[in-house]
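So this one's protein15.pdb, PDB, N, CA and C atoms:
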ATOM      1  N   MET A   1      21.992  29.822 -53.969
ATOM      2  CA  MET A   1      22.093  28.583 -53.228
ATOM      3  C   MET A   1      22.122  27.372 -54.171
ATOM      4  N   ILE A   2      21.256  27.364 -55.166
ATOM      5  CA  ILE A   2      21.196  26.232 -56.091
ATOM      6  C   ILE A   2      22.472  26.144 -56.906
ATOM      7  N   LEU A   3      23.044  27.284 -57.289
ATOM      8  CA  LEU A   3      24.301  27.267 -58.035
ATOM      9  C   LEU A   3      25.426  26.674 -57.202
ATOM     10  N   MET A   4      25.474  27.027 -55.916
ATOM     11  CA  MET A   4      26.488  26.480 -55.022
ATOM     12  C   MET A   4      26.300  24.975 -54.878
ATOM     13  N   LEU A   5      25.070  24.540 -54.749
ATOM     14  CA  LEU A   5      24.757  23.116 -54.627
ATOM     15  C   LEU A   5      25.235  22.357 -55.864
ATOM     16  N   LYS A   6      24.920  22.854 -57.029
ATOM     17  CA  LYS A   6      25.334  22.200 -58.278
ATOM     18  C   LYS A   6      26.861  22.194 -58.412
ATOM     19  N   LYS A   7      27.506  23.271 -58.001
ATOM     20  CA  LYS A   7      28.967  23.353 -58.048
ATOM     21  C   LYS A   7      29.582  22.283 -57.145
ATOM     22  N   GLU A   8      29.052  22.129 -55.956
ATOM     23  CA  GLU A   8      29.565  21.116 -55.028
ATOM     24  C   GLU A   8      29.322  19.708 -55.561
ATOM     25  N   GLN A   9      28.167  19.473 -56.145
ATOM     26  CA  GLN A   9      27.880  18.157 -56.706
ATOM     27  C   GLN A   9      28.824  17.849 -57.871
ATOM     28  N   LYS A  10      29.089  18.824 -58.720
ATOM     29  CA  LYS A  10      30.042  18.624 -59.818
ATOM     30  C   LYS A  10      31.426  18.311 -59.283
ATOM     31  N   ARG A  11      31.796  18.967 -58.198
ATOM     32  CA  ARG A  11      33.094  18.714 -57.580
ATOM     33  C   ARG A  11      33.175  17.266 -57.093
ATOM     34  N   LEU A  12      32.111  16.766 -56.491
ATOM     35  CA  LEU A  12      32.101  15.378 -56.005
ATOM     36  C   LEU A  12      32.146  14.378 -57.160
ATOM     37  N   ILE A  13      31.483  14.691 -58.259
ATOM     38  CA  ILE A  13      31.489  13.817 -59.433
ATOM     39  C   ILE A  13      32.898  13.713 -60.025
ATOM     40  N   LYS A  14      33.631  14.785 -59.948
ATOM     41  CA  LYS A  14      34.958  14.887 -60.570
ATOM     42  C   LYS A  14      35.976  13.910 -59.976
ATOM     43  N   TYR A  15      35.853  13.581 -58.697
ATOM     44  CA  TYR A  15      36.877  12.794 -58.017
ATOM     45  C   TYR A  15      36.418  11.368 -57.720
ATOM     46  N   GLU A  16      37.379  10.463 -57.667
ATOM     47  CA  GLU A  16      37.088   9.053 -57.392
ATOM     48  C   GLU A  16      37.026   8.751 -55.897
ATOM     49  N   ARG A  17      37.659   9.584 -55.096
ATOM     50  CA  ARG A  17      37.690   9.366 -53.643
ATOM     51  C   ARG A  17      37.226  10.637 -52.941
ATOM     52  N   ILE A  18      36.263  10.478 -52.049
ATOM     53  CA  ILE A  18      35.736  11.591 -51.264
ATOM     54  C   ILE A  18      36.100  11.334 -49.809
ATOM     55  N   ILE A  19      36.744  12.312 -49.184
ATOM     56  CA  ILE A  19      37.171  12.190 -47.794
ATOM     57  C   ILE A  19      36.477  13.287 -46.981
ATOM     58  N   PHE A  20      35.813  12.877 -45.909
ATOM     59  CA  PHE A  20      35.284  13.830 -44.937
ATOM     60  C   PHE A  20      36.237  13.830 -43.747
ATOM     61  N   GLN A  21      36.770  15.005 -43.435
ATOM     62  CA  GLN A  21      37.692  15.145 -42.307
ATOM     63  C   GLN A  21      37.059  16.073 -41.292
ATOM     64  N   PHE A  22      36.973  15.606 -40.052
ATOM     65  CA  PHE A  22      36.310  16.401 -39.022
ATOM     66  C   PHE A  22      36.686  15.905 -37.629
ATOM     67  N   PRO A  23      36.557  16.788 -36.634
ATOM     68  CA  PRO A  23      36.693  16.338 -35.247
ATOM     69  C   PRO A  23      35.380  15.672 -34.827
ATOM     70  N   LEU A  24      35.471  14.628 -34.071
ATOM     71  CA  LEU A  24      34.273  13.939 -33.598
ATOM     72  C   LEU A  24      33.621  14.781 -32.504
ATOM     73  N   TYR A  25      32.420  15.287 -32.779
ATOM     74  CA  TYR A  25      31.659  16.093 -31.818
ATOM     75  C   TYR A  25      30.448  15.288 -31.390
ATOM     76  N   TRP A  26      30.381  14.925 -30.153
ATOM     77  CA  TRP A  26      29.245  14.170 -29.632
ATOM     78  C   TRP A  26      28.858  13.024 -30.565
ATOM     79  N   TYR A  27      29.882  12.271 -30.972
ATOM     80  CA  TYR A  27      29.696  11.041 -31.744
ATOM     81  C   TYR A  27      29.197  11.291 -33.159
ATOM     82  N   SER A  28      29.501  12.455 -33.693
ATOM     83  CA  SER A  28      29.044  12.802 -35.030
ATOM     84  C   SER A  28      29.947  13.883 -35.616
ATOM     85  N   ALA A  29      29.661  14.244 -36.844
ATOM     86  CA  ALA A  29      30.365  15.357 -37.490
ATOM     87  C   ALA A  29      29.824  16.681 -36.945
ATOM     88  N   PRO A  30      30.627  17.738 -37.012
ATOM     89  CA  PRO A  30      30.133  19.066 -36.628
ATOM     90  C   PRO A  30      28.922  19.465 -37.474
ATOM     91  N   ALA A  31      28.103  20.316 -36.934
ATOM     92  CA  ALA A  31      26.849  20.721 -37.585
ATOM     93  C   ALA A  31      27.072  21.287 -38.991
ATOM     94  N   ILE A  32      28.139  22.017 -39.205
ATOM     95  CA  ILE A  32      28.358  22.621 -40.523
ATOM     96  C   ILE A  32      28.619  21.550 -41.586
ATOM     97  N   LEU A  33      29.323  20.478 -41.226
ATOM     98  CA  LEU A  33      29.526  19.380 -42.170
ATOM     99  C   LEU A  33      28.226  18.630 -42.397
ATOM    100  N   LYS A  34      27.467  18.414 -41.351
ATOM    101  CA  LYS A  34      26.170  17.741 -41.488
ATOM    102  C   LYS A  34      25.258  18.554 -42.411
ATOM    103  N   LYS A  35      25.258  19.862 -42.271
ATOM    104  CA  LYS A  35      24.445  20.719 -43.146
ATOM    105  C   LYS A  35      24.899  20.577 -44.599
ATOM    106  N   TYR A  36      26.211  20.570 -44.817
ATOM    107  CA  TYR A  36      26.742  20.369 -46.171
ATOM    108  C   TYR A  36      26.237  19.049 -46.737
ATOM    109  N   GLN A  37      26.332  17.995 -45.958
ATOM    110  CA  GLN A  37      25.884  16.686 -46.409
ATOM    111  C   GLN A  37      24.387  16.694 -46.711
ATOM    112  N   ASP A  38      23.604  17.306 -45.839
ATOM    113  CA  ASP A  38      22.157  17.375 -46.057
ATOM    114  C   ASP A  38      21.811  18.148 -47.325
ATOM    115  N   ASP A  39      22.544  19.213 -47.595
ATOM    116  CA  ASP A  39      22.260  20.055 -48.756
ATOM    117  C   ASP A  39      22.763  19.440 -50.066
ATOM    118  N   VAL A  40      23.973  18.905 -50.059
ATOM    119  CA  VAL A  40      24.628  18.457 -51.287
ATOM    120  C   VAL A  40      24.274  17.019 -51.645
ATOM    121  N   LEU A  41      24.205  16.152 -50.668
ATOM    122  CA  LEU A  41      23.965  14.730 -50.928
ATOM    123  C   LEU A  41      22.469  14.436 -50.984
ATOM    124  N   THR A  42      21.823  15.025 -51.959
ATOM    125  CA  THR A  42      20.387  14.816 -52.126
ATOM    126  C   THR A  42      20.122  13.383 -52.585
ATOM    127  N   ARG A  43      18.929  12.938 -52.369
ATOM    128  CA  ARG A  43      18.547  11.570 -52.740
ATOM    129  C   ARG A  43      18.785  11.303 -54.224
ATOM    130  N   ASN A  44      18.279  12.173 -55.085
ATOM    131  CA  ASN A  44      18.430  11.966 -56.526
ATOM    132  C   ASN A  44      19.894  11.924 -56.939
ATOM    133  N   PHE A  45      20.712  12.754 -56.338
ATOM    134  CA  PHE A  45      22.127  12.821 -56.675
ATOM    135  C   PHE A  45      22.891  11.605 -56.144
ATOM    136  N   THR A  46      22.555  11.157 -54.945
ATOM    137  CA  THR A  46      23.370  10.193 -54.223
ATOM    138  C   THR A  46      22.952   8.743 -54.391
ATOM    139  N   TYR A  47      21.677   8.432 -54.297
ATOM    140  CA  TYR A  47      21.239   7.031 -54.273
ATOM    141  C   TYR A  47      21.605   6.308 -55.567
ATOM    142  N   LYS A  48      22.233   5.144 -55.427
ATOM    143  CA  LYS A  48      22.662   4.392 -56.604
ATOM    144  C   LYS A  48      21.486   3.909 -57.445
ATOM    145  N   ASP A  49      20.293   3.759 -56.843
ATOM    146  CA  ASP A  49      19.133   3.310 -57.617
ATOM    147  C   ASP A  49      18.365   4.473 -58.243
ATOM    148  N   GLU A  50      18.908   5.686 -58.095
ATOM    149  CA  GLU A  50      18.335   6.842 -58.793
ATOM    150  C   GLU A  50      19.401   7.314 -59.799
ATOM    151  N   TYR A  51      19.930   8.533 -59.677
ATOM    152  CA  TYR A  51      20.974   8.963 -60.608
ATOM    153  C   TYR A  51      22.321   8.337 -60.278
ATOM    154  N   GLY A  52      22.561   8.062 -59.012
ATOM    155  CA  GLY A  52      23.770   7.358 -58.600
ATOM    156  C   GLY A  52      25.068   8.030 -58.995
ATOM    157  N   CYS A  53      25.162   9.319 -58.784
ATOM    158  CA  CYS A  53      26.349  10.062 -59.213
ATOM    159  C   CYS A  53      27.618   9.694 -58.445
ATOM    160  N   LEU A  54      27.479   9.018 -57.307
ATOM    161  CA  LEU A  54      28.648   8.639 -56.514
ATOM    162  C   LEU A  54      28.961   7.148 -56.608
ATOM    163  N   ASP A  55      28.175   6.430 -57.380
ATOM    164  CA  ASP A  55      28.340   4.983 -57.524
ATOM    165  C   ASP A  55      29.753   4.648 -57.997
ATOM    166  N   GLY A  56      30.407   3.720 -57.280
ATOM    167  CA  GLY A  56      31.748   3.285 -57.640
ATOM    168  C   GLY A  56      32.872   4.105 -57.043
ATOM    169  N   LYS A  57      32.561   5.211 -56.413
ATOM    170  CA  LYS A  57      33.593   6.041 -55.790
ATOM    171  C   LYS A  57      33.946   5.477 -54.410
ATOM    172  N   GLU A  58      34.978   6.017 -53.797
ATOM    173  CA  GLU A  58      35.391   5.632 -52.451
ATOM    174  C   GLU A  58      35.031   6.743 -51.471
ATOM    175  N   LEU A  59      34.622   6.346 -50.271
ATOM    176  CA  LEU A  59      34.311   7.293 -49.203
ATOM    177  C   LEU A  59      35.224   7.003 -48.017
ATOM    178  N   GLY A  60      35.939   8.021 -47.577
ATOM    179  CA  GLY A  60      36.826   7.882 -46.438
ATOM    180  C   GLY A  60      36.486   8.877 -45.342
ATOM    181  N   ILE A  61      36.775   8.481 -44.118
ATOM    182  CA  ILE A  61      36.570   9.341 -42.955
ATOM    183  C   ILE A  61      37.912   9.509 -42.256
ATOM    184  N   VAL A  62      38.268  10.763 -41.975
ATOM    185  CA  VAL A  62      39.427  11.100 -41.147
ATOM    186  C   VAL A  62      38.870  11.921 -39.994
ATOM    187  N   THR A  63      39.103  11.463 -38.774
ATOM    188  CA  THR A  63      38.520  12.159 -37.632
ATOM    189  C   THR A  63      39.479  12.210 -36.456
ATOM    190  N   THR A  64      39.302  13.211 -35.638
ATOM    191  CA  THR A  64      40.067  13.305 -34.394
ATOM    192  C   THR A  64      39.178  12.862 -33.250
ATOM    193  N   LEU A  65      39.801  12.222 -32.287
ATOM    194  CA  LEU A  65      39.098  11.757 -31.098
ATOM    195  C   LEU A  65      39.579  12.557 -29.897
ATOM    196  N   GLY A  66      38.698  12.816 -28.969
ATOM    197  CA  GLY A  66      39.064  13.542 -27.763
ATOM    198  C   GLY A  66      39.444  12.630 -26.615
ATOM    199  N   GLU A  67      39.384  11.334 -26.845
ATOM    200  CA  GLU A  67      39.719  10.329 -25.828
ATOM    201  C   GLU A  67      40.668   9.308 -26.441
ATOM    202  N   PRO A  68      41.493   8.662 -25.623
ATOM    203  CA  PRO A  68      42.360   7.597 -26.147
ATOM    204  C   PRO A  68      41.529   6.475 -26.766
ATOM    205  N   ILE A  69      42.097   5.815 -27.763
ATOM    206  CA  ILE A  69      41.368   4.791 -28.512
ATOM    207  C   ILE A  69      40.888   3.648 -27.620
ATOM    208  N   HIS A  70      41.592   3.333 -26.559
ATOM    209  CA  HIS A  70      41.160   2.214 -25.711
ATOM    210  C   HIS A  70      39.836   2.506 -24.996
ATOM    211  N   HIS A  71      39.362   3.727 -25.031
ATOM    212  CA  HIS A  71      38.043   4.060 -24.472
ATOM    213  C   HIS A  71      36.918   3.643 -25.407
ATOM    214  N   TYR A  72      37.236   3.440 -26.687
ATOM    215  CA  TYR A  72      36.230   3.145 -27.695
ATOM    216  C   TYR A  72      36.129   1.643 -27.947
ATOM    217  N   HIS A  73      35.414   0.971 -27.076
ATOM    218  CA  HIS A  73      35.123  -0.451 -27.262
ATOM    219  C   HIS A  73      33.939  -0.813 -26.388
ATOM    220  N   ASP A  74      33.317  -1.926 -26.721
ATOM    221  CA  ASP A  74      32.175  -2.398 -25.952
ATOM    222  C   ASP A  74      32.595  -2.581 -24.498
ATOM    223  N   GLY A  75      31.935  -1.887 -23.608
ATOM    224  CA  GLY A  75      32.275  -1.956 -22.192
ATOM    225  C   GLY A  75      33.289  -0.915 -21.757
ATOM    226  N   GLY A  76      33.857  -0.165 -22.701
ATOM    227  CA  GLY A  76      34.814   0.885 -22.367
ATOM    228  C   GLY A  76      34.102   2.167 -21.962
ATOM    229  N   ASP A  77      34.876   3.190 -21.666
ATOM    230  CA  ASP A  77      34.302   4.476 -21.237
ATOM    231  C   ASP A  77      33.333   5.059 -22.266
ATOM    232  N   GLU A  78      33.617   4.878 -23.540
ATOM    233  CA  GLU A  78      32.736   5.397 -24.595
ATOM    234  C   GLU A  78      31.676   4.380 -25.021
ATOM    235  N   ALA A  79      31.846   3.116 -24.653
ATOM    236  CA  ALA A  79      30.863   2.031 -24.839
ATOM    237  C   ALA A  79      30.687   1.551 -26.279
ATOM    238  N   PHE A  80      31.258   2.232 -27.244
ATOM    239  CA  PHE A  80      31.112   1.844 -28.637
ATOM    240  C   PHE A  80      32.459   1.925 -29.341
ATOM    241  N   THR A  81      32.622   1.119 -30.386
ATOM    242  CA  THR A  81      33.829   1.214 -31.204
ATOM    243  C   THR A  81      33.692   2.377 -32.181
ATOM    244  N   ILE A  82      34.816   2.789 -32.742
ATOM    245  CA  ILE A  82      34.778   3.834 -33.776
ATOM    246  C   ILE A  82      33.943   3.357 -34.962
ATOM    247  N   ASP A  83      34.078   2.086 -35.338
ATOM    248  CA  ASP A  83      33.269   1.558 -36.444
ATOM    249  C   ASP A  83      31.779   1.675 -36.158
ATOM    250  N   GLU A  84      31.370   1.412 -34.938
ATOM    251  CA  GLU A  84      29.943   1.540 -34.596
ATOM    252  C   GLU A  84      29.490   2.989 -34.672
ATOM    253  N   ILE A  85      30.309   3.901 -34.199
ATOM    254  CA  ILE A  85      29.960   5.322 -34.224
ATOM    255  C   ILE A  85      29.859   5.835 -35.665
ATOM    256  N   MET A  86      30.650   5.264 -36.551
ATOM    257  CA  MET A  86      30.672   5.701 -37.947
ATOM    258  C   MET A  86      29.677   4.958 -38.837
ATOM    259  N   LYS A  87      28.778   4.177 -38.275
ATOM    260  CA  LYS A  87      27.792   3.429 -39.070
ATOM    261  C   LYS A  87      26.997   4.304 -40.034
ATOM    262  N   PRO A  88      26.620   5.542 -39.670
ATOM    263  CA  PRO A  88      25.891   6.362 -40.655
ATOM    264  C   PRO A  88      26.691   6.576 -41.956
ATOM    265  N   TYR A  89      28.015   6.655 -41.862
ATOM    266  CA  TYR A  89      28.829   6.815 -43.063
ATOM    267  C   TYR A  89      28.936   5.510 -43.836
ATOM    268  N   HIS A  90      28.961   4.390 -43.124
ATOM    269  CA  HIS A  90      28.892   3.085 -43.801
ATOM    270  C   HIS A  90      27.577   3.010 -44.591
ATOM    271  N   ALA A  91      26.483   3.429 -43.950
ATOM    272  CA  ALA A  91      25.166   3.380 -44.590
ATOM    273  C   ALA A  91      25.122   4.302 -45.811
ATOM    274  N   LEU A  92      25.691   5.489 -45.696
ATOM    275  CA  LEU A  92      25.756   6.417 -46.831
ATOM    276  C   LEU A  92      26.497   5.778 -47.996
ATOM    277  N   ALA A  93      27.656   5.197 -47.716
ATOM    278  CA  ALA A  93      28.439   4.556 -48.764
ATOM    279  C   ALA A  93      27.646   3.424 -49.417
ATOM    280  N   HIS A  94      26.986   2.631 -48.609
ATOM    281  CA  HIS A  94      26.183   1.522 -49.133
ATOM    282  C   HIS A  94      25.074   2.028 -50.054
ATOM    283  N   LYS A  95      24.326   3.008 -49.578
ATOM    284  CA  LYS A  95      23.190   3.532 -50.345
ATOM    285  C   LYS A  95      23.645   4.179 -51.652
ATOM    286  N   ALA A  96      24.855   4.761 -51.617
ATOM    287  CA  ALA A  96      25.380   5.450 -52.796
ATOM    288  C   ALA A  96      26.150   4.519 -53.734
ATOM    289  N   GLY A  97      26.379   3.273 -53.322
ATOM    290  CA  GLY A  97      27.158   2.354 -54.141
ATOM    291  C   GLY A  97      28.650   2.630 -54.065
ATOM    292  N   MET A  98      29.087   3.217 -52.954
ATOM    293  CA  MET A  98      30.485   3.577 -52.774
ATOM    294  C   MET A  98      31.220   2.509 -51.957
ATOM    295  N   LYS A  99      32.520   2.475 -52.100
ATOM    296  CA  LYS A  99      33.357   1.621 -51.257
ATOM    297  C   LYS A  99      33.741   2.431 -50.030
ATOM    298  N   PHE A 100      33.456   1.893 -48.838
ATOM    299  CA  PHE A 100      33.798   2.590 -47.598
ATOM    300  C   PHE A 100      35.208   2.194 -47.185
ATOM    301  N   LEU A 101      36.078   3.170 -47.082
ATOM    302  CA  LEU A 101      37.476   2.932 -46.738
ATOM    303  C   LEU A 101      37.636   2.762 -45.216
ATOM    304  N   PRO A 102      38.717   2.129 -44.794
ATOM    305  CA  PRO A 102      38.965   2.039 -43.343
ATOM    306  C   PRO A 102      39.045   3.450 -42.738
ATOM    307  N   ILE A 103      38.507   3.591 -41.556
ATOM    308  CA  ILE A 103      38.466   4.887 -40.871
ATOM    309  C   ILE A 103      39.864   5.232 -40.374
ATOM    310  N   PHE A 104      40.273   6.459 -40.623
ATOM    311  CA  PHE A 104      41.550   6.942 -40.127
ATOM    312  C   PHE A 104      41.234   7.934 -39.014
ATOM    313  N   PHE A 105      41.825   7.706 -37.858
ATOM    314  CA  PHE A 105      41.584   8.618 -36.729
ATOM    315  C   PHE A 105      42.889   8.910 -36.029
ATOM    316  N   TYR A 106      42.891  10.025 -35.318
ATOM    317  CA  TYR A 106      44.021  10.337 -34.464
ATOM    318  C   TYR A 106      43.495  10.981 -33.198
ATOM    319  N   ILE A 107      44.302  10.906 -32.163
ATOM    320  CA  ILE A 107      43.902  11.350 -30.830
ATOM    321  C   ILE A 107      44.356  12.804 -30.638
ATOM    322  N   ALA A 108      43.427  13.654 -30.223
ATOM    323  CA  ALA A 108      43.741  15.057 -29.942
ATOM    324  C   ALA A 108      43.400  15.350 -28.482
ATOM    325  N   VAL A 109      44.255  14.921 -27.611
ATOM    326  CA  VAL A 109      44.026  15.177 -26.168
ATOM    327  C   VAL A 109      45.175  15.948 -25.589
TER     328      VAL A 109
END
As structure tokens, please, write out the structure in this file.
Amino acid sequence: MILMLKKEQKRLIKYERIIFQFPLYWYSAPAILKKYQDDVLTRNFTYKDEYGCLDGKELGIVTTLGEPIHHYHDGGDEAFTIDEIMKPYHALAHKAGMKFLPIFFYIAV
């Protein structure tokens, strides 16, 4: 397990842009991606005020939506914008010293 973790961290260090691509499940990433993030993005590895291994990199999100985009706004059927739903990734980028890229989404209905 530790070898896999170190391998994944080395892979993230190698690239300037990290993209998480996933279908939006209940306003979040699927559990398997969340587990990957919990395991690989450790505090010491990620936080810019510690080792800061991701500092200066770019973080992008590509996601599919199960509803038309006009549902995602204040007062709409989903009640929140895509940017609001993706705030945890904005926070991750901030804490890691990364640049958060505009969210890319497409509709899968």
Which polymer residues have any atom within 8 Å of an atom of stretch 71-86 of chain A, counting all atoms listed in the file, with same-chain residues fewer than 4 positions away left out, as a short mmCIF file (atom, residue, chain, number, x, y, z; two decimals) with N, CA and C atoms, in the coordinates of the input?
data_model
loop_
_atom_site.label_atom_id
_atom_site.label_comp_id
_atom_site.auth_asym_id
_atom_site.auth_seq_id
_atom_site.Cartn_x
_atom_site.Cartn_y
_atom_site.Cartn_z
N TYR A 27 29.88 12.27 -30.97
CA TYR A 27 29.70 11.04 -31.74
C TYR A 27 29.20 11.29 -33.16
N SER A 28 29.50 12.46 -33.69
CA SER A 28 29.04 12.80 -35.03
C SER A 28 29.95 13.88 -35.62
N GLU A 67 39.38 11.33 -26.84
CA GLU A 67 39.72 10.33 -25.83
C GLU A 67 40.67 9.31 -26.44
N HIS A 90 28.96 4.39 -43.12
CA HIS A 90 28.89 3.08 -43.80
C HIS A 90 27.58 3.01 -44.59
N ALA A 91 26.48 3.43 -43.95
CA ALA A 91 25.17 3.38 -44.59
C ALA A 91 25.12 4.30 -45.81
N LEU A 92 25.69 5.49 -45.70
CA LEU A 92 25.76 6.42 -46.83
C LEU A 92 26.50 5.78 -48.00
N ILE A 103 38.51 3.59 -41.56
CA ILE A 103 38.47 4.89 -40.87
C ILE A 103 39.86 5.23 -40.37
#
Please expand the PyMOL selection byres ((chain A and resi 105) around 8) into the concrete residues it hits in this file, giving the result as a short mmCIF file (atom, residue, chain, number, x, y, z; two decimals) with N, CA and C atoms, keeping the file's coordinate frame.
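Resulting contents of result04.cif:
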data_model
loop_
_atom_site.label_atom_id
_atom_site.label_comp_id
_atom_site.auth_asym_id
_atom_site.auth_seq_id
_atom_site.Cartn_x
_atom_site.Cartn_y
_atom_site.Cartn_z
N ILE A 61 36.78 8.48 -44.12
CA ILE A 61 36.57 9.34 -42.96
C ILE A 61 37.91 9.51 -42.26
N VAL A 62 38.27 10.76 -41.98
CA VAL A 62 39.43 11.10 -41.15
C VAL A 62 38.87 11.92 -39.99
N THR A 63 39.10 11.46 -38.77
CA THR A 63 38.52 12.16 -37.63
C THR A 63 39.48 12.21 -36.46
N THR A 64 39.30 13.21 -35.64
CA THR A 64 40.07 13.30 -34.39
C THR A 64 39.18 12.86 -33.25
N LEU A 65 39.80 12.22 -32.29
CA LEU A 65 39.10 11.76 -31.10
C LEU A 65 39.58 12.56 -29.90
N PRO A 102 38.72 2.13 -44.79
CA PRO A 102 38.97 2.04 -43.34
C PRO A 102 39.04 3.45 -42.74
N ILE A 103 38.51 3.59 -41.56
CA ILE A 103 38.47 4.89 -40.87
C ILE A 103 39.86 5.23 -40.37
N PHE A 104 40.27 6.46 -40.62
CA PHE A 104 41.55 6.94 -40.13
C PHE A 104 41.23 7.93 -39.01
N TYR A 106 42.89 10.02 -35.32
CA TYR A 106 44.02 10.34 -34.46
C TYR A 106 43.50 10.98 -33.20
N ILE A 107 44.30 10.91 -32.16
CA ILE A 107 43.90 11.35 -30.83
C ILE A 107 44.36 12.80 -30.64
N ALA A 108 43.43 13.65 -30.22
CA ALA A 108 43.74 15.06 -29.94
C ALA A 108 43.40 15.35 -28.48
#
- Would you be able to write out as a PyMOL selection string which residues have an atom within 7 Å of (23.5, 18.1, -53.7) in the file's coordinates, counting all atoms listed in the file? chain A and resi 5-6+8-9+38-42+45
For stretch 1-7 of chain A, what centre and edge lengths in Å (one decimal) does the axis-aligned box get once 4 Å is added on each side of all its listed atoms, as AutoDock Vina command-line options?
--center_x 25.4 --center_y 26.0 --center_z -55.8 --size_x 16.4 --size_y 15.6 --size_z 13.2
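Across the structure, atom CA of A:Leu59 and atom CA of A:Lys14 are spaced 13.7 Å apart.
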